[in-house]
$ cat input-v9.txt   # compact mmCIF, C-alpha atoms and all ligand atoms
# COMPACT_ATOMS: atom_id res chain seq x y z
CA MET S 8 -70.08 -94.20 83.76
CA ARG S 9 -67.33 -91.69 84.47
CA ALA S 10 -65.75 -92.57 81.13
CA LEU S 11 -69.05 -92.17 79.32
CA ALA S 12 -69.68 -88.78 80.91
CA LEU S 13 -66.16 -87.59 80.19
CA ASP S 14 -66.48 -88.72 76.57
CA VAL S 15 -69.60 -86.61 76.19
CA LEU S 16 -67.93 -83.50 77.59
CA ARG S 17 -64.84 -84.08 75.45
CA ASN S 18 -66.90 -84.65 72.34
CA ASN S 19 -68.92 -81.47 72.95
CA TRP S 20 -65.85 -79.36 73.78
CA THR S 21 -65.17 -76.71 71.13
CA GLY S 22 -61.77 -75.56 72.32
CA GLY S 23 -63.18 -72.76 74.48
CA TYR S 24 -66.45 -74.06 75.90
CA THR S 25 -68.77 -77.05 75.75
CA LEU S 26 -71.82 -77.38 73.51
CA PRO S 27 -74.98 -78.68 75.22
CA SER S 28 -75.37 -81.01 72.23
CA ARG S 29 -73.46 -81.16 68.95
CA ARG S 30 -76.57 -81.25 66.79
CA LEU S 31 -79.51 -79.80 68.71
CA TYR S 32 -77.78 -76.95 70.55
CA PRO S 33 -74.67 -76.02 68.54
CA HIS S 34 -73.75 -72.81 70.46
CA GLN S 35 -72.86 -71.72 73.98
CA TRP S 36 -75.72 -71.57 76.48
CA SER S 37 -75.37 -69.63 79.71
CA TRP S 38 -76.55 -71.99 82.44
CA ASP S 39 -75.48 -75.09 80.52
CA SER S 40 -71.95 -73.69 80.57
CA ALA S 41 -72.10 -73.27 84.33
CA PHE S 42 -73.08 -76.94 84.69
CA HIS S 43 -70.37 -77.95 82.22
CA ALA S 44 -67.83 -76.09 84.37
CA LEU S 45 -69.09 -78.05 87.36
CA GLY S 46 -68.33 -81.32 85.53
CA TRP S 47 -64.98 -80.16 84.17
CA GLY S 48 -64.10 -79.01 87.68
CA VAL S 49 -64.09 -82.65 88.76
CA VAL S 50 -61.88 -83.98 85.98
CA GLU S 51 -60.00 -81.12 84.32
CA PRO S 52 -60.15 -77.94 86.40
CA ALA S 53 -58.34 -75.86 83.78
CA ARG S 54 -61.19 -76.49 81.37
CA ALA S 55 -63.71 -75.51 84.03
CA ARG S 56 -61.99 -72.15 84.30
CA ASP S 57 -61.88 -71.84 80.49
CA GLU S 58 -65.57 -72.60 80.29
CA MET S 59 -66.30 -69.89 82.87
CA ALA S 60 -64.01 -67.50 81.00
CA ALA S 61 -66.13 -68.10 77.90
CA VAL S 62 -69.21 -67.21 79.99
CA PHE S 63 -67.52 -63.97 81.03
CA GLY S 64 -66.71 -63.36 77.37
CA MET S 65 -70.39 -63.32 76.44
CA GLN S 66 -71.28 -60.66 79.03
CA TRP S 67 -72.90 -57.44 77.81
CA SER S 68 -71.71 -54.03 78.93
CA ASP S 69 -74.86 -53.75 81.10
CA GLY S 70 -73.70 -56.82 83.04
CA ARG S 71 -76.18 -59.33 81.69
CA ILE S 72 -74.93 -62.77 80.76
CA PRO S 73 -77.09 -63.69 77.79
CA GLN S 74 -78.87 -66.98 77.25
CA ILE S 75 -76.86 -67.91 74.14
CA ALA S 76 -73.64 -66.75 72.48
CA PHE S 77 -73.56 -67.91 68.88
CA ASP S 78 -70.59 -69.73 67.43
CA PRO S 79 -69.53 -67.62 64.42
CA ALA S 80 -68.40 -70.76 62.58
CA THR S 81 -71.85 -72.37 62.77
CA ALA S 82 -74.37 -71.66 60.01
CA ASP S 83 -76.99 -69.04 60.90
CA ASP S 84 -79.81 -71.45 60.26
CA ALA S 85 -78.42 -74.32 62.37
CA TYR S 86 -80.46 -73.10 65.36
CA PHE S 87 -83.56 -70.98 65.57
CA PRO S 88 -83.75 -68.24 66.78
CA GLY S 89 -80.19 -67.50 65.69
CA PRO S 90 -78.21 -64.30 65.04
CA PRO S 91 -80.42 -62.99 62.19
CA PHE S 92 -83.41 -63.07 64.55
CA TRP S 93 -81.72 -61.31 67.48
CA ARG S 94 -79.97 -58.68 65.32
CA ARG S 95 -77.40 -57.88 67.96
CA SER S 96 -73.97 -56.63 67.07
CA GLY S 97 -70.89 -55.95 68.95
CA SER S 98 -71.83 -55.18 72.57
CA VAL S 99 -70.35 -58.40 73.89
CA ARG S 100 -66.88 -58.47 75.38
CA ASP S 101 -65.52 -61.11 73.03
CA GLY S 102 -67.44 -59.95 69.97
CA ARG S 103 -69.77 -62.92 69.53
CA LEU S 104 -73.41 -62.34 68.65
CA THR S 105 -75.90 -63.27 71.34
CA SER S 106 -79.56 -63.53 72.17
CA CYS S 107 -81.04 -60.79 74.39
CA LEU S 108 -82.54 -63.04 77.07
CA VAL S 109 -80.85 -64.50 80.15
CA GLN S 110 -80.97 -67.82 82.04
CA PRO S 111 -80.94 -68.83 85.73
CA PRO S 112 -77.90 -67.34 87.52
CA VAL S 113 -76.26 -70.51 88.80
CA HIS S 114 -72.78 -69.38 87.76
CA ALA S 115 -71.47 -67.92 91.00
CA ALA S 116 -72.66 -70.85 93.11
CA ILE S 117 -70.78 -73.18 90.76
CA ALA S 118 -67.72 -70.93 90.33
CA ALA S 119 -67.28 -70.89 94.12
CA ARG S 120 -67.02 -74.71 94.13
CA LEU S 121 -64.24 -74.87 91.52
CA PRO S 122 -60.60 -75.35 92.43
CA ILE S 123 -59.42 -71.73 92.11
CA ASP S 124 -56.75 -69.39 93.38
CA ARG S 125 -57.05 -65.83 94.63
CA ALA S 126 -56.34 -64.21 91.25
CA TRP S 127 -59.04 -66.27 89.55
CA ALA S 128 -61.50 -65.58 92.37
CA ARG S 129 -60.93 -61.84 91.87
CA ARG S 130 -61.51 -62.10 88.16
CA ALA S 131 -64.63 -64.24 88.49
CA TYR S 132 -65.97 -62.03 91.24
CA GLN S 133 -65.88 -58.93 89.06
CA TYR S 134 -67.82 -60.42 86.18
CA LEU S 135 -70.30 -62.27 88.34
CA ALA S 136 -70.95 -59.33 90.67
CA ALA S 137 -71.77 -57.24 87.57
CA TRP S 138 -74.12 -59.98 86.38
CA HIS S 139 -75.99 -60.03 89.67
CA ASP S 140 -76.07 -56.21 89.75
CA TYR S 141 -77.77 -56.28 86.36
CA LEU S 142 -80.47 -58.58 87.75
CA PHE S 143 -81.05 -56.54 90.91
CA ASP S 144 -80.91 -53.16 89.18
CA ARG S 145 -82.76 -53.91 85.97
CA ARG S 146 -85.03 -56.88 86.61
CA VAL S 147 -86.66 -56.15 89.94
CA ARG S 148 -89.92 -54.42 89.09
CA PRO S 149 -91.02 -51.29 91.00
CA GLY S 150 -92.51 -52.26 94.36
CA ARG S 151 -91.25 -55.86 94.08
CA ARG S 152 -88.30 -57.66 95.66
CA LEU S 153 -87.68 -60.62 93.37
CA VAL S 154 -86.23 -60.70 89.88
CA SER S 155 -88.66 -61.06 86.94
CA ILE S 156 -88.06 -63.11 83.86
CA VAL S 157 -89.38 -61.85 80.53
CA HIS S 158 -89.67 -65.13 78.62
CA PRO S 159 -90.17 -68.83 79.47
CA TRP S 160 -86.75 -69.48 77.92
CA GLU S 161 -85.25 -67.41 80.74
CA SER S 162 -86.51 -69.94 83.28
CA GLY S 163 -84.50 -72.77 81.71
CA MET S 164 -87.65 -74.88 82.12
CA ASP S 165 -89.04 -73.61 78.84
CA ASP S 166 -92.23 -75.59 78.45
CA SER S 167 -93.16 -75.74 82.14
CA PRO S 168 -96.92 -75.69 82.80
CA VAL S 169 -96.34 -72.78 85.20
CA TRP S 170 -96.04 -70.56 82.12
CA ASP S 171 -99.33 -71.71 80.58
CA GLY S 172 -101.41 -69.08 82.41
CA PRO S 173 -99.09 -66.10 81.85
CA LEU S 174 -98.59 -67.21 78.22
CA SER S 175 -102.31 -67.49 77.55
CA ALA S 176 -102.62 -63.78 78.35
CA VAL S 177 -100.04 -62.82 75.72
CA GLN S 178 -101.86 -60.97 72.99
CA ARG S 179 -102.47 -63.28 70.11
CA ARG S 180 -100.74 -62.33 66.92
CA GLU S 181 -98.77 -64.21 64.33
CA PRO S 182 -94.99 -64.01 64.71
CA ARG S 183 -93.52 -61.45 62.30
CA THR S 184 -90.60 -63.79 61.67
CA THR S 185 -90.76 -66.60 59.13
CA TYR S 186 -89.00 -69.58 60.65
CA VAL S 187 -88.34 -73.27 60.49
CA ARG S 188 -88.35 -75.05 63.85
CA ARG S 189 -84.83 -76.43 64.10
CA ASP S 190 -85.66 -77.92 67.50
CA LEU S 191 -87.74 -80.58 65.74
CA GLN S 192 -84.74 -81.73 63.73
CA HIS S 193 -81.18 -82.62 64.65
CA GLY S 194 -81.93 -85.65 66.81
CA SER S 195 -84.19 -84.06 69.40
CA GLY S 196 -85.97 -87.38 69.93
CA ASP S 197 -89.71 -87.58 69.36
CA PRO S 198 -90.94 -84.20 67.98
CA GLY S 199 -94.22 -84.92 69.79
CA ASP S 200 -92.39 -84.38 73.11
CA ARG S 201 -91.38 -80.84 72.19
CA PRO S 202 -93.52 -77.70 72.59
CA THR S 203 -96.48 -77.51 70.22
CA ASP S 204 -96.40 -75.13 67.24
CA ALA S 205 -98.90 -72.85 69.00
CA GLU S 206 -96.70 -72.66 72.12
CA TYR S 207 -93.67 -72.08 69.97
CA ALA S 208 -95.36 -69.21 68.09
CA ARG S 209 -96.07 -67.57 71.46
CA TYR S 210 -92.39 -67.93 72.40
CA VAL S 211 -91.37 -66.27 69.14
CA VAL S 212 -93.83 -63.39 69.65
CA LEU S 213 -92.49 -62.72 73.15
CA ALA S 214 -88.89 -62.91 71.95
CA GLU S 215 -89.71 -60.46 69.12
CA ASP S 216 -91.35 -58.13 71.64
CA TYR S 217 -88.38 -58.03 74.00
CA ARG S 218 -85.94 -57.68 71.09
CA ASP S 219 -88.02 -54.84 69.65
CA LEU S 220 -87.96 -53.03 73.00
CA GLY S 221 -84.22 -53.02 72.37
CA ALA S 222 -83.91 -55.43 75.34
CA ASP S 223 -84.25 -52.18 77.29
CA ASP S 224 -85.43 -53.03 80.78
CA ASP S 225 -86.57 -49.45 81.38
CA ARG S 226 -89.42 -50.40 79.07
CA LEU S 227 -90.42 -53.61 80.83
CA GLY S 228 -93.74 -52.01 81.74
CA GLU S 229 -94.68 -52.50 78.06
CA HIS S 230 -93.80 -56.19 78.07
CA GLN S 231 -96.42 -58.94 78.17
CA PHE S 232 -94.60 -61.56 80.23
CA LEU S 233 -93.08 -60.65 83.60
CA VAL S 234 -92.91 -63.53 86.03
CA GLU S 235 -91.07 -64.13 89.31
CA CYS S 236 -89.86 -67.71 89.09
CA PRO S 237 -88.83 -69.61 92.25
CA LEU S 238 -86.02 -71.54 90.56
CA PHE S 239 -84.53 -68.39 89.06
CA ASN S 240 -84.67 -66.43 92.32
CA ALA S 241 -83.48 -69.34 94.45
CA SER S 242 -80.51 -69.77 92.09
CA LEU S 243 -79.73 -66.10 92.56
CA ALA S 244 -79.93 -66.30 96.35
CA TRP S 245 -77.71 -69.38 96.29
CA SER S 246 -75.29 -67.68 93.94
CA GLU S 247 -75.18 -64.59 96.15
CA GLN S 248 -73.85 -66.94 98.81
CA GLY S 249 -71.40 -68.24 96.19
CA LEU S 250 -70.40 -64.66 95.42
CA ALA S 251 -69.80 -64.06 99.13
CA ASP S 252 -67.51 -67.12 99.13
CA LEU S 253 -65.69 -65.84 96.02
CA ALA S 254 -65.34 -62.39 97.61
CA THR S 255 -63.79 -63.97 100.69
CA GLN S 256 -61.33 -65.95 98.56
CA ALA S 257 -60.52 -62.79 96.62
CA GLY S 258 -59.91 -60.75 99.77
CA PHE S 259 -63.01 -58.57 99.26
CA ASP S 260 -65.83 -57.84 101.70
CA PRO S 261 -68.52 -60.52 101.39
CA GLY S 262 -71.06 -58.59 103.50
CA LEU S 263 -73.22 -57.21 100.68
CA HIS S 264 -73.68 -60.68 99.19
CA ARG S 265 -74.56 -62.32 102.48
CA ARG S 266 -77.19 -59.63 103.02
CA ARG S 267 -78.58 -60.03 99.54
CA ALA S 268 -78.77 -63.82 99.92
CA ALA S 269 -80.71 -63.37 103.16
CA GLN S 270 -83.00 -60.71 101.69
CA LEU S 271 -83.82 -62.76 98.61
CA THR S 272 -84.52 -65.82 100.71
CA ALA S 273 -86.85 -63.78 102.91
CA ALA S 274 -88.57 -62.39 99.80
CA LEU S 275 -89.00 -65.88 98.34
CA VAL S 276 -90.79 -66.88 101.53
CA ALA S 277 -92.85 -63.69 101.83
CA ASP S 278 -93.81 -63.39 98.17
CA LEU S 279 -93.90 -66.91 96.68
CA TRP S 280 -94.51 -69.41 99.48
CA ASP S 281 -97.80 -71.26 98.96
CA ASP S 282 -98.70 -72.50 102.41
CA GLU S 283 -101.68 -74.53 101.26
CA ARG S 284 -99.66 -76.59 98.78
CA GLY S 285 -96.40 -76.62 100.71
CA THR S 286 -94.33 -75.32 97.82
CA PHE S 287 -93.17 -72.11 96.18
CA GLY S 288 -95.44 -70.65 93.52
CA ALA S 289 -94.66 -68.03 90.90
CA TYR S 290 -95.89 -64.47 90.61
CA ASP S 291 -97.31 -63.09 87.39
CA GLY S 292 -96.40 -59.39 87.41
CA CYS S 293 -98.62 -58.58 84.40
CA ALA S 294 -101.72 -60.06 86.00
CA GLY S 295 -100.68 -59.07 89.54
CA ALA S 296 -101.51 -62.61 90.67
CA HIS S 297 -99.88 -65.70 92.09
CA VAL S 298 -99.53 -68.76 89.88
CA GLU S 299 -99.85 -72.29 91.24
CA ASN S 300 -96.75 -74.34 90.74
CA PRO S 301 -97.01 -78.12 90.38
CA THR S 302 -93.37 -78.34 89.22
CA ILE S 303 -90.01 -79.10 90.76
CA SER S 304 -89.09 -75.40 90.52
CA GLY S 305 -91.24 -74.93 93.64
CA LEU S 306 -88.86 -77.21 95.57
CA VAL S 307 -85.62 -75.59 94.41
CA PRO S 308 -85.63 -72.84 97.11
CA VAL S 309 -84.56 -75.65 99.45
CA LEU S 310 -81.11 -74.62 98.15
CA THR S 311 -81.31 -71.49 100.27
CA ALA S 312 -81.17 -70.82 104.01
CA LEU S 313 -84.91 -71.37 104.46
CA PRO S 314 -86.28 -71.55 108.01
CA GLY S 315 -86.24 -75.15 109.27
CA GLU S 316 -90.01 -75.44 109.32
CA LEU S 317 -90.25 -74.61 105.60
CA VAL S 318 -87.40 -76.97 104.78
CA GLU S 319 -89.47 -79.75 106.33
CA ARG S 320 -92.59 -78.67 104.45
CA VAL S 321 -90.77 -78.60 101.10
CA ILE S 322 -89.20 -81.99 101.73
CA GLY S 323 -92.62 -83.30 102.74
CA THR S 324 -94.02 -82.13 99.41
CA ALA S 325 -91.09 -83.67 97.55
CA VAL S 326 -91.75 -87.00 99.25
CA LYS S 327 -95.52 -86.97 98.99
CA CYS S 328 -96.10 -85.35 95.59
CA PHE S 329 -92.87 -86.05 93.68
CA GLY S 330 -91.96 -89.48 95.04
CA LEU S 331 -88.65 -88.48 96.65
CA GLY S 332 -87.21 -91.50 98.42
CA GLY S 333 -89.72 -93.87 96.78
CA ASP S 334 -89.39 -96.60 94.15
CA GLY S 335 -90.41 -94.61 91.08
CA VAL S 336 -88.42 -92.37 88.79
CA GLN S 337 -87.07 -89.42 90.75
CA LEU S 338 -87.72 -86.57 90.44
CA PRO S 339 -90.38 -85.86 87.84
CA THR S 340 -90.32 -82.17 86.85
CA VAL S 341 -94.11 -82.04 87.34
CA ALA S 342 -95.89 -83.72 90.26
CA PRO S 343 -97.44 -86.93 88.91
CA GLY S 344 -100.76 -86.24 90.66
CA SER S 345 -101.29 -82.93 88.91
CA THR S 346 -103.41 -82.54 85.78
CA GLU S 347 -100.47 -81.01 83.90
CA PHE S 348 -98.22 -84.05 84.39
CA ASP S 349 -97.08 -85.52 81.07
CA PRO S 350 -94.33 -88.11 81.72
CA GLY S 351 -92.48 -87.87 78.40
CA ARG S 352 -93.00 -84.29 77.42
CA TYR S 353 -90.21 -81.72 77.52
CA TRP S 354 -90.22 -79.96 80.91
CA ARG S 355 -93.74 -81.20 81.67
CA GLY S 356 -92.90 -84.38 83.58
CA PRO S 357 -89.59 -86.08 82.76
CA ALA S 358 -86.68 -86.10 85.22
CA TRP S 359 -83.68 -83.91 84.42
CA LEU S 360 -80.29 -84.28 86.02
CA ASN S 361 -79.79 -80.59 86.76
CA THR S 362 -83.07 -80.11 88.62
CA ASN S 363 -82.31 -83.28 90.61
CA TRP S 364 -78.88 -81.87 91.36
CA PHE S 365 -80.41 -78.71 92.85
CA VAL S 366 -82.55 -80.79 95.17
CA VAL S 367 -79.55 -82.95 96.15
CA GLN S 368 -77.60 -79.78 97.04
CA GLY S 369 -80.52 -78.44 99.08
CA LEU S 370 -80.97 -81.70 100.97
CA ARG S 371 -77.27 -81.86 101.73
CA ARG S 372 -77.24 -78.26 102.86
CA HIS S 373 -79.97 -78.98 105.38
CA GLY S 374 -78.37 -82.18 106.61
CA ARG S 375 -80.88 -84.57 105.02
CA THR S 376 -78.08 -86.87 103.95
CA ALA S 377 -79.98 -90.13 103.42
CA LEU S 378 -82.52 -88.50 101.12
CA ALA S 379 -79.80 -86.53 99.33
CA GLU S 380 -77.58 -89.55 98.67
CA GLY S 381 -80.60 -91.64 97.68
CA LEU S 382 -81.57 -89.06 95.08
CA ALA S 383 -77.97 -88.76 93.88
CA ALA S 384 -77.75 -92.55 93.47
CA HIS S 385 -81.09 -92.66 91.71
CA SER S 386 -80.04 -89.89 89.31
CA LEU S 387 -76.86 -91.78 88.46
CA ASP S 388 -78.93 -94.88 87.83
CA LEU S 389 -80.96 -93.07 85.21
CA VAL S 390 -77.75 -92.29 83.35
CA ARG S 391 -76.33 -95.77 83.88
CA ARG S 392 -79.38 -97.27 82.20
CA ALA S 393 -80.11 -94.75 79.47
CA GLY S 394 -76.87 -92.84 78.87
CA ALA S 395 -76.30 -89.09 78.94
CA ARG S 396 -79.70 -88.25 77.53
CA GLU S 397 -81.27 -84.81 77.78
CA TYR S 398 -84.11 -86.01 80.06
CA PHE S 399 -85.72 -89.23 81.31
CA HIS S 400 -89.28 -90.54 81.09
CA ALA S 401 -90.98 -89.96 84.44
CA ILE S 402 -92.55 -93.43 84.61
CA ASP S 403 -90.13 -95.88 83.01
CA GLY S 404 -86.91 -93.83 83.11
CA ARG S 405 -86.11 -94.33 79.42
CA GLY S 406 -83.85 -91.73 77.84
CA LEU S 407 -85.51 -88.93 75.89
CA GLY S 408 -84.49 -85.85 73.94
CA THR S 409 -81.06 -85.53 72.50
CA ASP S 410 -78.17 -87.88 73.23
CA GLY S 411 -74.69 -86.86 74.36
CA PHE S 412 -76.15 -84.06 76.43
CA GLY S 413 -73.59 -81.87 78.19
CA TRP S 414 -75.15 -81.08 81.56
CA THR S 415 -76.32 -84.64 82.10
CA ALA S 416 -72.69 -85.71 81.70
CA ALA S 417 -71.38 -82.86 83.84
CA VAL S 418 -73.78 -83.41 86.72
CA THR S 419 -73.02 -87.13 86.54
CA LEU S 420 -69.32 -86.39 87.07
CA ASP S 421 -70.12 -84.15 90.01
CA LEU S 422 -72.47 -86.67 91.63
CA LEU S 423 -69.92 -89.45 91.12
CA SER S 424 -67.21 -87.39 92.72
CA GLY S 425 -68.89 -87.49 96.13
CA LEU S 426 -68.54 -83.81 96.23
CA THR S 427 -67.36 -80.59 97.52
CA PRO S 428 -69.25 -78.44 100.01
CA THR S 429 -72.22 -76.44 98.90
CA PRO S 430 -72.04 -72.63 99.24
CA GLY S 431 -73.50 -71.69 102.57
CA SER S 432 -73.15 -75.15 104.06
CA ALA S 433 -70.47 -73.90 106.44
CA GLY S 434 -72.65 -71.17 107.84
C1 LIG W 501 -83.54 -75.73 76.18
O1 LIG W 501 -83.84 -74.42 75.75
C2 LIG W 501 -83.52 -73.94 74.45
C3 LIG W 501 -83.77 -72.43 74.46
O2 LIG W 501 -82.92 -71.83 75.42
C4 LIG W 501 -84.34 -74.59 73.35
O3 LIG W 501 -85.33 -75.25 73.64
O4 LIG W 501 -83.95 -74.43 72.20
C5 LIG W 501 -83.78 -75.74 77.71
O5 LIG W 501 -83.76 -77.05 78.20
C6 LIG W 501 -82.74 -74.86 78.40
O6 LIG W 501 -82.85 -74.94 79.79
C7 LIG W 501 -81.32 -75.24 77.97
O7 LIG W 501 -80.43 -74.31 78.50
C8 LIG W 501 -81.18 -75.29 76.45
C9 LIG W 501 -79.84 -75.86 75.99
O8 LIG W 501 -79.60 -77.08 76.63
O9 LIG W 501 -82.21 -76.10 75.86

$ encode --input "input-v9.txt" --output "structure tokens" --more "lines below"
Ligand code: 2M8
Amino acid sequence: MRALALDVLRNNWTGGYTLPSRRLYPHQWSWDSAFHALGWGVVEPARARDEMAAVFGMQWSDGRIPQIAFDPATADDAYFPGPPFWRRSGSVRDGRLTSCLVQPPVHAAIAARLPIDRAWARRAYQYLAAWHDYLFDRRVRPGRRLVSIVHPWESGMDDSPVWDGPLSAVQRREPRTTYVRRDLQHGSGDPGDRPTDAEYARYVVLAEDYRDLGADDDRLGEHQFLVECPLFNASLAWSEQGLADLATQAGFDPGLHRRRAAQLTAALVADLWDDERGTFGAYDGCAGAHVENPTISGLVPVLTALPGELVERVIGTAVKCFGLGGDGVQLPTVAPGSTEFDPGRYWRGPAWLNTNWFVVQGLRRHGRTALAEGLAAHSLDLVRRAGAREYFHAIDGRGLGTDGFGWTAAVTLDLLSGLTPTPGSAG
């Protein structure tokens, strides 16, 4: 399986970074690259550092690390929405065109696990501290403590049912852009598993809106989708701990990052914890209301330094509602007992290796070794049976979505390696 995973990463390697998939996703994606670096870190650390350097290369002058940097050698219409849609030029360090959105900030947590020296830690720290500053300074809404996302694509779990409510309130209009859905071509598996055309039109409208605000976060009050997502904010808290570790390696003061990690964790508990359901919900800033969360994103804050009582509650929910430690496919992205569960549909039920990996890291962090290693072994089994597919059917485990998928391969390599400590696990 190591050979298979390594083949996928090698085949998707462009010379500077790794494509999520040669056909379906032929550019550089932000959080995919972080996972790719994790995998390269196990087998070829120099490539892990190159992959991270390519992430730093896509950073805007305001500090944001955008969702996608487009490969200039790839045709504009190979992926939608591509450069002609985003109409960006030139603000990126290495000159590539990018989208305006972002993705979950897992980079610093992963960078801190890589084999690095002091000079590299200094370099990484500077870019990643600027990235986090962007999120704290520009994406925390007045009177709030957690970071808001402006589009479901920013969550990484694009089609999650958690976005159904906030999306249904988006003013109905036809997209202004004429487009062909490239995501239904290029070997994405069964097009019926992908978002519907109506959902997709809503995504395009929201992307047009944010683009047409000039991606100017001073104008977020005019935007129609502002949601505090538990996975996004938990990644940030975890990565603040990673940034503290990088700062220490670099010889800088880690204090600010330790404080921020603690403050974000406290805010996750105060603002998103759903005591009745034993999980973390989301908060819809446009509606001023909490959103129920039947998905795995509600478990991901287990990555952080949660109080012990909440760790037990989250694990209890994972066991009872998601089948952690049981005989079935682990872990479905949506709890099988919920009405939104759809076992084969993109981000609405299937298991994904990266979301499993988060839960493994959280369980390890809190000393729940048997559950953690059981989930790691189960995740590897999915790949052993179906290959490095994009995601796995939540009932029979068959491979779905595209084949030769980068982060599935990368996480496989990390899980096989038996692993390095998780940021924060020492303290
Ligand atoms: C999927 O998202 C992209 C948009 O970013 C798409 O559907 O075209 C998601 O699974 C996302 O989390 C992932 O980063 C991306 C590339 O693998 O694909």

$ closest_residue --input "input-v9.txt" --among "S:Tyr134, S:Tyr217, S:Trp36, S:Trp359" --to "Gly408 of chain S" --atoms "only C-alpha atoms"
S:Trp359

$ atom_distance --input "input-v9.txt" --atom1 "atom CA of Phe399 of chain S" --atom2 "atom CA of Glu58 of chain S"
26.1 Å

$ closest_atom_pairs --input "input-v9.txt" --of "chain S" --to "ligand LIG 501 (chain W)" --cutoff "10 Å" --atoms "only C-alpha atoms and all ligand atoms" --output "CSV"
residue,atom,partner,partner_atom,distance
S:Leu26,CA,W:LIG501,O8,8.4
S:Pro27,CA,W:LIG501,O8,5.1
S:Ser28,CA,W:LIG501,O8,7.3
S:Leu31,CA,W:LIG501,O4,7.8
S:Tyr32,CA,W:LIG501,C9,5.9
S:Pro33,CA,W:LIG501,C9,9.1
S:His34,CA,W:LIG501,C9,8.8
S:Gln35,CA,W:LIG501,C9,8.4
S:Trp36,CA,W:LIG501,O7,5.8
S:Ser37,CA,W:LIG501,O7,7.0
S:Trp38,CA,W:LIG501,O7,6.0
S:Asp39,CA,W:LIG501,O7,5.4
S:Ser40,CA,W:LIG501,O7,8.8
S:Phe42,CA,W:LIG501,O7,10.0
S:Gln74,CA,W:LIG501,O2,6.6
S:Ile75,CA,W:LIG501,O2,7.3
S:Tyr86,CA,W:LIG501,O4,7.8
S:Phe87,CA,W:LIG501,O4,7.5
S:Pro88,CA,W:LIG501,O4,8.2
S:Ser106,CA,W:LIG501,O2,9.5
S:Leu108,CA,W:LIG501,O2,9.0
S:Val109,CA,W:LIG501,O2,9.0
S:Gln110,CA,W:LIG501,O7,7.4
S:Pro111,CA,W:LIG501,O6,8.7
S:Pro159,CA,W:LIG501,O2,8.8
S:Trp160,CA,W:LIG501,O2,5.1
S:Glu161,CA,W:LIG501,O2,7.3
S:Ser162,CA,W:LIG501,O6,7.1
S:Gly163,CA,W:LIG501,O6,3.3
S:Met164,CA,W:LIG501,O6,5.3
S:Asp165,CA,W:LIG501,C5,5.8
S:Asp166,CA,W:LIG501,O3,8.4
S:Arg188,CA,W:LIG501,O4,9.5
S:Arg189,CA,W:LIG501,O4,8.4
S:Asp190,CA,W:LIG501,O4,6.1
S:Leu191,CA,W:LIG501,O4,9.7
S:Ser195,CA,W:LIG501,O3,9.8
S:Arg201,CA,W:LIG501,O3,8.4
S:Pro202,CA,W:LIG501,O3,8.6
S:Tyr207,CA,W:LIG501,O3,9.6
S:Tyr210,CA,W:LIG501,C3,9.9
S:Tyr353,CA,W:LIG501,O5,8.0
S:Trp354,CA,W:LIG501,O5,7.6
S:Trp359,CA,W:LIG501,O5,9.3
S:Asn361,CA,W:LIG501,O6,9.5
S:Glu397,CA,W:LIG501,O8,8.0
S:Tyr398,CA,W:LIG501,O5,9.2
S:Gly408,CA,W:LIG501,O5,9.8
S:Thr409,CA,W:LIG501,O8,9.5
S:Phe412,CA,W:LIG501,O8,7.8
S:Gly413,CA,W:LIG501,O8,7.8
S:Trp414,CA,W:LIG501,O8,7.8
S:Thr415,CA,W:LIG501,O8,9.9

$ atom_distance --input "input-v9.txt" --atom1 "atom CA of Met59 of chain S" --atom2 "atom CA of Ala44 of chain S"
6.6 Å

$ residues_near_point --input "input-v9.txt" --point "(-85.6, -79.0, 92.6)" --cutoff "12 Å" --atoms "only C-alpha atoms" --output "JSON, numbers by chain"
{"S": [164, 237, 238, 239, 241, 242, 286, 287, 301, 302, 303, 304, 305, 306, 307, 308, 309, 310, 311, 321, 322, 324, 325, 329, 331, 337, 338, 339, 340, 341, 342, 358, 359, 360, 361, 362, 363, 364, 365, 366, 367, 368, 369, 370, 379, 382]}

$ atom_distance --input "input-v9.txt" --atom1 "atom CA of Phe232 of chain S" --atom2 "atom CA of Ala76 of chain S"
22.9 Å

$ closest_residue --input "input-v9.txt" --among "S:Ala53, S:Leu220, S:Ala208, S:Val326" --to "Glu181 of chain S" --atoms "only C-alpha atoms"
S:Ala208

$ closest_residue --input "input-v9.txt" --among "S:Arg267, S:Lys327, S:Arg148, S:Arg183" --to "His230 of chain S" --atoms "all atoms listed in the file"
S:Arg148

$ closest_residue --input "input-v9.txt" --among "S:Gly262, S:Gly315, S:Gly150, S:Pro173" --to "Asp278 of chain S" --atoms "all atoms listed in the file"
S:Gly150

$ closest_residue --input "input-v9.txt" --among "S:Arg30, S:Arg352, S:Arg392, S:Arg130" --to "Asp200 of chain S" --atoms "all atoms listed in the file"
S:Arg352
